[in-house]
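Note sheet for the following structure.
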Amino acid sequence: MPAAASVVPVLLADGVQLEIDRHAPALSYADRSLGDEGVSRLCAALASHISLQSLDLRGCNVHAPGAAAVAELLSHCALRSLSLEWNLVGTSDSGPASLARALAVNTTLTHLDLRNNRIGSAGVAALASGLRSASSALQSLDLQWNAAGAEGGKALESMLTDNTALLRIQLMVGRANSTRPPHPSA
(Lines give C-alpha, C1' and ligand atoms only; values in the text may rest on other atoms or scores of the structure.)
Protein backbone atom coordinates (compact mmCIF):
# COMPACT_ATOMS: atom_id res chain seq x y z
CA MET A 1 0.00 0.00 0.00
CA PRO A 2 1.46 3.42 -0.90
CA ALA A 3 2.39 5.69 1.99
CA ALA A 4 -0.08 8.38 0.84
CA ALA A 5 -2.99 5.98 1.38
CA SER A 6 -2.20 5.83 5.09
CA VAL A 7 -2.86 9.57 5.52
CA VAL A 8 -6.52 10.38 6.09
CA PRO A 9 -7.93 13.92 6.24
CA VAL A 10 -10.34 14.93 9.01
CA LEU A 11 -12.40 18.05 8.36
CA LEU A 12 -13.15 20.07 11.47
CA ALA A 13 -16.20 22.28 11.91
CA ASP A 14 -14.33 25.50 11.17
CA GLY A 15 -13.05 24.22 7.83
CA VAL A 16 -9.61 23.31 9.19
CA GLN A 17 -8.36 19.97 7.97
CA LEU A 18 -6.15 17.67 10.04
CA GLU A 19 -4.24 14.76 8.62
CA ILE A 20 -4.07 11.44 10.41
CA ASP A 21 -1.35 8.93 9.61
CA ARG A 22 -3.27 5.71 10.22
CA HIS A 23 -0.05 3.77 10.80
CA ALA A 24 1.69 6.15 13.20
CA PRO A 25 1.98 4.78 16.74
CA ALA A 26 1.96 8.31 18.22
CA LEU A 27 -0.02 11.39 17.22
CA SER A 28 0.15 14.90 18.66
CA TYR A 29 -2.38 17.64 18.15
CA ALA A 30 -1.06 19.66 21.09
CA ASP A 31 -1.99 23.33 21.37
CA ARG A 32 -4.29 23.25 18.34
CA SER A 33 -7.39 24.44 20.25
CA LEU A 34 -9.55 21.92 18.41
CA GLY A 35 -12.49 22.37 20.78
CA ASP A 36 -15.03 19.72 21.67
CA GLU A 37 -16.40 19.29 18.17
CA GLY A 38 -12.95 19.04 16.62
CA VAL A 39 -11.80 16.51 19.22
CA SER A 40 -15.03 14.54 18.71
CA ARG A 41 -14.43 14.35 14.95
CA LEU A 42 -10.80 13.45 15.49
CA CYS A 43 -11.68 10.68 17.96
CA ALA A 44 -14.29 9.26 15.59
CA ALA A 45 -11.66 9.10 12.84
CA LEU A 46 -9.15 7.48 15.21
CA ALA A 47 -11.52 4.74 16.37
CA SER A 48 -10.24 2.33 13.72
CA HIS A 49 -6.57 3.32 14.13
CA ILE A 50 -5.34 -0.02 15.45
CA SER A 51 -1.65 0.88 15.85
CA LEU A 52 -2.14 4.11 17.82
CA GLN A 53 -0.45 3.88 21.21
CA SER A 54 0.04 7.52 22.21
CA LEU A 55 -2.23 10.54 21.74
CA ASP A 56 -1.39 14.09 22.81
CA LEU A 57 -4.39 16.42 23.03
CA ARG A 58 -2.90 18.93 25.44
CA GLY A 59 -4.12 22.47 25.00
CA CYS A 60 -6.99 21.49 22.68
CA ASN A 61 -9.77 23.29 24.59
CA VAL A 62 -11.44 20.02 25.61
CA HIS A 63 -14.49 20.29 27.91
CA ALA A 64 -16.95 17.56 28.99
CA PRO A 65 -18.29 16.77 25.46
CA GLY A 66 -14.75 16.32 24.14
CA ALA A 67 -13.86 14.19 27.16
CA ALA A 68 -16.85 11.97 26.35
CA ALA A 69 -15.49 11.51 22.80
CA VAL A 70 -12.04 10.64 24.18
CA ALA A 71 -13.66 8.17 26.58
CA GLU A 72 -15.45 6.53 23.65
CA LEU A 73 -12.13 6.31 21.79
CA LEU A 74 -10.62 4.48 24.78
CA SER A 75 -13.13 1.68 24.20
CA HIS A 76 -12.04 1.21 20.56
CA CYS A 77 -8.34 1.94 20.56
CA ALA A 78 -5.43 0.28 22.37
CA LEU A 79 -3.92 3.55 23.57
CA ARG A 80 -1.17 3.24 26.16
CA SER A 81 -0.57 6.96 26.77
CA LEU A 82 -3.01 9.87 26.70
CA SER A 83 -2.27 13.51 27.47
CA LEU A 84 -5.17 15.87 28.11
CA GLU A 85 -3.05 18.41 29.96
CA TRP A 86 -4.12 22.09 29.88
CA ASN A 87 -7.75 21.51 28.96
CA LEU A 88 -11.07 22.15 30.73
CA VAL A 89 -12.26 18.59 31.30
CA GLY A 90 -13.32 19.33 34.88
CA THR A 91 -15.45 22.43 34.31
CA SER A 92 -18.36 20.00 34.52
CA ASP A 93 -18.34 16.81 36.60
CA SER A 94 -19.55 14.93 33.53
CA GLY A 95 -16.09 15.25 31.90
CA PRO A 96 -14.21 13.28 34.57
CA ALA A 97 -17.21 10.95 34.94
CA SER A 98 -16.99 10.00 31.23
CA LEU A 99 -13.28 9.30 31.56
CA ALA A 100 -13.91 7.30 34.75
CA ARG A 101 -16.38 5.01 32.96
CA ALA A 102 -13.81 4.40 30.23
CA LEU A 103 -11.02 3.75 32.75
CA ALA A 104 -13.18 1.14 34.48
CA VAL A 105 -13.18 -1.06 31.36
CA ASN A 106 -9.98 -0.04 29.56
CA THR A 107 -7.17 -2.63 29.76
CA THR A 108 -4.40 -0.92 27.78
CA LEU A 109 -3.93 2.67 29.00
CA THR A 110 -0.87 2.91 31.27
CA HIS A 111 -0.30 6.70 31.42
CA LEU A 112 -2.92 9.45 31.77
CA ASP A 113 -2.01 13.12 32.07
CA LEU A 114 -4.85 15.30 33.33
CA ARG A 115 -2.77 18.19 34.68
CA ASN A 116 -4.46 21.56 34.90
CA ASN A 117 -7.99 20.59 33.89
CA ARG A 118 -10.02 22.28 36.63
CA ILE A 119 -11.04 18.91 38.01
CA GLY A 120 -12.62 19.29 41.45
CA SER A 121 -13.02 16.84 44.29
CA ALA A 122 -16.14 15.21 42.80
CA GLY A 123 -14.34 14.70 39.47
CA VAL A 124 -11.27 13.21 41.18
CA ALA A 125 -13.56 10.94 43.21
CA ALA A 126 -15.24 9.79 39.97
CA LEU A 127 -11.84 9.01 38.43
CA ALA A 128 -10.87 7.07 41.56
CA SER A 129 -14.10 5.08 41.31
CA GLY A 130 -13.33 4.18 37.70
CA LEU A 131 -9.84 3.08 38.67
CA ARG A 132 -11.11 0.60 41.29
CA SER A 133 -11.55 -1.91 38.46
CA ALA A 134 -9.33 -4.96 38.57
CA SER A 135 -8.90 -4.69 34.79
CA SER A 136 -7.24 -1.27 34.97
CA ALA A 137 -3.73 -1.21 33.54
CA LEU A 138 -3.09 2.45 34.42
CA GLN A 139 0.30 2.84 36.08
CA SER A 140 0.69 6.63 36.10
CA LEU A 141 -1.95 9.30 36.74
CA ASP A 142 -1.01 12.98 36.75
CA LEU A 143 -3.58 15.22 38.44
CA GLN A 144 -1.33 18.17 39.27
CA TRP A 145 -2.87 21.64 39.25
CA ASN A 146 -6.41 20.43 39.83
CA ALA A 147 -8.48 20.82 42.99
CA ALA A 148 -8.69 17.28 44.39
CA GLY A 149 -9.51 18.51 47.89
CA ALA A 150 -9.90 16.23 50.89
CA GLU A 151 -12.78 14.27 49.32
CA GLY A 152 -10.82 13.56 46.14
CA GLY A 153 -7.69 12.67 48.10
CA LYS A 154 -9.61 10.23 50.30
CA ALA A 155 -11.22 8.65 47.24
CA LEU A 156 -7.80 8.15 45.64
CA GLU A 157 -6.40 6.69 48.85
CA SER A 158 -9.34 4.30 49.14
CA MET A 159 -9.03 3.28 45.47
CA LEU A 160 -5.42 2.22 46.04
CA THR A 161 -6.58 -0.66 48.23
CA ASP A 162 -8.25 -2.24 45.17
CA ASN A 163 -5.98 -1.10 42.35
CA THR A 164 -2.60 -2.84 42.24
CA ALA A 165 -1.55 -1.58 38.80
CA LEU A 166 -1.34 2.14 39.63
CA LEU A 167 2.24 2.91 40.67
CA ARG A 168 2.30 6.70 40.54
CA ILE A 169 -0.22 9.44 41.26
CA GLN A 170 0.94 13.01 40.97
CA LEU A 171 -1.01 15.58 42.95
CA MET A 172 0.01 19.08 43.73
CA VAL A 173 -1.80 20.90 46.47
CA GLY A 174 0.17 24.01 47.24
CA ARG A 175 3.64 22.55 47.52
CA ALA A 176 2.75 19.00 48.45
CA ASN A 177 3.51 16.44 45.77
CA SER A 178 2.27 12.89 46.31
CA THR A 179 3.79 9.90 44.56
CA ARG A 180 2.85 6.30 45.30
CA PRO A 181 5.87 4.01 45.69
CA PRO A 182 6.17 1.01 43.36
CA HIS A 183 4.04 -2.02 44.18
CA PRO A 184 6.12 -4.64 46.05
CA SER A 185 5.59 -7.17 43.24
CA ALA A 186 6.93 -4.74 40.59
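Residue names in the C-alpha coordinates use chain letters A, B, ... in the order shown, residue numbers from 1 in each chain, and ligand numbers from 1 in the order shown.
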Please produce, as a Markdown table, a per-residue contact table for range 8-115 of chain A versus range 125-129 of chain A (criterion: any atom at most 8 Å away, only C-alpha atoms considered), showing the nearest atom pair and its distance in Å to one decimal, sorted by chain then residue number.
| residue | atom | partner | partner_atom | distance |
| --- | --- | --- | --- | --- |
| A:Pro96 | CA | A:Leu127 | CA | 6.2 |
| A:Ala97 | CA | A:Ala126 | CA | 5.5 |
| A:Leu99 | CA | A:Leu127 | CA | 7.0 |
| A:Ala100 | CA | A:Leu127 | CA | 4.6 |
| A:Leu103 | CA | A:Leu127 | CA | 7.8 |
| A:Ala104 | CA | A:Ser129 | CA | 7.9 |
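Look at Glu85 in chain A: the protein and nucleic acid residues within 12 Å of it, using only C-alpha atoms and passing over chain neighbours fewer than 4 places away, are Tyr29, Ala30, Asp31, Leu55, Asp56, Leu57, Arg58, Gly59, Cys60, Asn61, Val62, His63, Ala67, Val89, Gly90, Leu112, Asp113, Leu114, Arg115, Asn116, Asn117, Arg118, Ile119, Leu141, Asp142, Leu143, Gln144, Trp145 and Asn146 of chain A.
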Check your understanding: Using only C-alpha atoms, which residue out of A:Val16, A:Ala71, A:Cys43, A:Leu167 lies closest to Thr110 in chain A?
Key -> A:Leu167
Revision key, fill the gap. Atom pair CA of Leu156 in chain A + CA of Leu138 in chain A, distance 13.4 Å
Practice item. Could you find all residues in range 3-183 of chain A that DSSP calls alpha helix (DSSP H) from the backbone, and write them as a ChimeraX atom specification? Key: /A:35-46,64-74,94-105,121-130,149-159
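Distance annotation: of A:Leu34, A:Leu11, A:Ile20, A:Leu109, the residue with the minimal separation from Ser54 in chain A is A:Leu109; atom set is only C-alpha atoms.
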Practice item. Could you give me, as a ChimeraX atom specification, each residue of chain A that DSSP assigns to strand (DSSP E) when run on this structure's backbone? Key: /A:7-11,17-21,26-28,54-56,81-83,111-113,140-142,168-173,176-178
Can you write just those residues out, N, CA, C and O atoms, as a CSV table (one decimal), in the first residue's frame?
chain,number,residue,atom,x,y,z
A,7,VAL,N,-2.5,8.3,5.0
A,7,VAL,CA,-2.9,9.6,5.5
A,7,VAL,C,-4.3,9.9,5.2
A,7,VAL,O,-4.7,9.8,4.0
A,8,VAL,N,-5.1,10.1,6.2
A,8,VAL,CA,-6.5,10.4,6.1
A,8,VAL,C,-6.8,11.8,6.6
A,8,VAL,O,-6.4,12.2,7.7
A,9,PRO,N,-7.6,12.6,5.8
A,9,PRO,CA,-7.9,13.9,6.2
A,9,PRO,C,-9.2,13.9,7.2
A,9,PRO,O,-10.1,13.1,7.0
A,10,VAL,N,-9.2,14.8,8.1
A,10,VAL,CA,-10.3,14.9,9.0
A,10,VAL,C,-10.7,16.4,8.9
A,10,VAL,O,-9.9,17.3,9.3
A,11,LEU,N,-11.9,16.7,8.5
A,11,LEU,CA,-12.4,18.0,8.4
A,11,LEU,C,-13.1,18.5,9.7
A,11,LEU,O,-14.0,17.8,10.1
A,17,GLN,N,-8.5,21.4,8.3
A,17,GLN,CA,-8.4,20.0,8.0
A,17,GLN,C,-7.1,19.5,8.7
A,17,GLN,O,-6.1,20.1,8.6
A,18,LEU,N,-7.3,18.4,9.4
A,18,LEU,CA,-6.2,17.7,10.0
A,18,LEU,C,-5.8,16.4,9.2
A,18,LEU,O,-6.7,15.8,8.6
A,19,GLU,N,-4.6,16.0,9.3
A,19,GLU,CA,-4.2,14.8,8.6
A,19,GLU,C,-3.9,13.7,9.7
A,19,GLU,O,-3.2,14.1,10.6
A,20,ILE,N,-4.4,12.5,9.5
A,20,ILE,CA,-4.1,11.4,10.4
A,20,ILE,C,-3.3,10.4,9.7
A,20,ILE,O,-3.7,9.9,8.6
A,21,ASP,N,-2.1,10.0,10.2
A,21,ASP,CA,-1.4,8.9,9.6
A,21,ASP,C,-1.8,7.7,10.3
A,21,ASP,O,-1.6,7.5,11.5
A,26,ALA,N,2.2,7.1,17.4
A,26,ALA,CA,2.0,8.3,18.2
A,26,ALA,C,1.5,9.5,17.4
A,26,ALA,O,2.0,9.8,16.3
A,27,LEU,N,0.5,10.2,17.9
A,27,LEU,CA,0.0,11.4,17.2
A,27,LEU,C,-0.1,12.5,18.2
A,27,LEU,O,-0.5,12.3,19.4
A,28,SER,N,0.2,13.7,17.8
A,28,SER,CA,0.1,14.9,18.7
A,28,SER,C,-0.6,16.0,17.9
A,28,SER,O,-0.3,16.4,16.8
A,54,SER,N,-0.1,6.3,21.5
A,54,SER,CA,0.0,7.5,22.2
A,54,SER,C,-0.7,8.7,21.5
A,54,SER,O,-0.5,8.9,20.3
A,55,LEU,N,-1.5,9.4,22.3
A,55,LEU,CA,-2.2,10.5,21.7
A,55,LEU,C,-2.0,11.8,22.6
A,55,LEU,O,-2.3,11.7,23.9
A,56,ASP,N,-1.6,12.8,22.1
A,56,ASP,CA,-1.4,14.1,22.8
A,56,ASP,C,-2.4,15.1,22.4
A,56,ASP,O,-2.4,15.6,21.2
A,81,SER,N,-0.9,5.7,26.2
A,81,SER,CA,-0.6,7.0,26.8
A,81,SER,C,-1.5,8.0,26.2
A,81,SER,O,-1.7,8.1,25.0
A,82,LEU,N,-2.1,8.8,27.1
A,82,LEU,CA,-3.0,9.9,26.7
A,82,LEU,C,-2.7,11.1,27.5
A,82,LEU,O,-2.7,11.1,28.7
A,83,SER,N,-2.5,12.2,26.8
A,83,SER,CA,-2.3,13.5,27.5
A,83,SER,C,-3.4,14.4,27.2
A,83,SER,O,-3.7,14.7,26.0
A,111,HIS,N,-0.7,5.3,31.0
A,111,HIS,CA,-0.3,6.7,31.4
A,111,HIS,C,-1.4,7.7,31.0
A,111,HIS,O,-1.8,7.7,29.9
A,112,LEU,N,-1.9,8.4,32.0
A,112,LEU,CA,-2.9,9.4,31.8
A,112,LEU,C,-2.5,10.8,32.4
A,112,LEU,O,-2.3,10.8,33.6
A,113,ASP,N,-2.4,11.8,31.6
A,113,ASP,CA,-2.0,13.1,32.1
A,113,ASP,C,-3.2,14.0,32.0
A,113,ASP,O,-3.7,14.4,31.0
A,140,SER,N,0.3,5.3,35.8
A,140,SER,CA,0.7,6.6,36.1
A,140,SER,C,-0.5,7.6,35.8
A,140,SER,O,-1.0,7.6,34.7
A,141,LEU,N,-0.9,8.3,36.8
A,141,LEU,CA,-1.9,9.3,36.7
A,141,LEU,C,-1.4,10.6,37.2
A,141,LEU,O,-1.0,10.8,38.4
A,142,ASP,N,-1.5,11.6,36.4
A,142,ASP,CA,-1.0,13.0,36.8
A,142,ASP,C,-2.2,13.9,36.9
A,142,ASP,O,-2.9,14.2,35.9
A,168,ARG,N,1.9,5.3,40.3
A,168,ARG,CA,2.3,6.7,40.5
A,168,ARG,C,1.1,7.6,40.3
A,168,ARG,O,0.4,7.6,39.3
A,169,ILE,N,0.8,8.4,41.4
A,169,ILE,CA,-0.2,9.4,41.3
A,169,ILE,C,0.5,10.7,41.6
A,169,ILE,O,1.1,10.8,42.6
A,170,GLN,N,0.4,11.7,40.7
A,170,GLN,CA,0.9,13.0,41.0
A,170,GLN,C,-0.2,14.0,41.3
A,170,GLN,O,-1.1,14.2,40.5
A,171,LEU,N,-0.1,14.6,42.5
A,171,LEU,CA,-1.0,15.6,43.0
A,171,LEU,C,-0.2,16.8,43.4
A,171,LEU,O,0.9,16.6,44.0
A,172,MET,N,-0.7,17.9,43.2
A,172,MET,CA,0.0,19.1,43.7
A,172,MET,C,-1.0,19.9,44.4
A,172,MET,O,-2.0,20.4,43.7
A,173,VAL,N,-0.9,20.1,45.7
A,173,VAL,CA,-1.8,20.9,46.5
A,173,VAL,C,-0.9,21.9,47.2
A,173,VAL,O,-0.2,21.5,48.1
A,176,ALA,N,2.7,20.4,48.2
A,176,ALA,CA,2.8,19.0,48.5
A,176,ALA,C,2.6,18.2,47.2
A,176,ALA,O,1.7,18.4,46.4
A,177,ASN,N,3.5,17.3,46.9
A,177,ASN,CA,3.5,16.4,45.8
A,177,ASN,C,3.4,15.0,46.3
A,177,ASN,O,4.3,14.6,47.1
A,178,SER,N,2.5,14.2,45.8
A,178,SER,CA,2.3,12.9,46.3
A,178,SER,C,2.6,11.9,45.2
A,178,SER,O,2.0,12.0,44.1
Exercise for review: Pick out the closest residue to Leu42 in chain A from this set: A:His23, A:Ala122, A:Glu157, A:Leu73. Count only C-alpha atoms.
Suggested key: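 When distances to Leu42 in chain A are compared using only C-alpha atoms, the smallest one comes from A:Leu73.
Distances here use only C-alpha atoms; by that measure, the residue among A:Asp162, A:Asp14, A:Glu37, A:Glu72 closest to Gly130 in chain A is A:Asp162.
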**Study point:** Contact residues around Asn163 in chain A with only C-alpha atoms at 9 Å, ignoring same-chain residues under 3 positions, as number ranges by chain
**Key:** A: 131-136, 159-160, 166
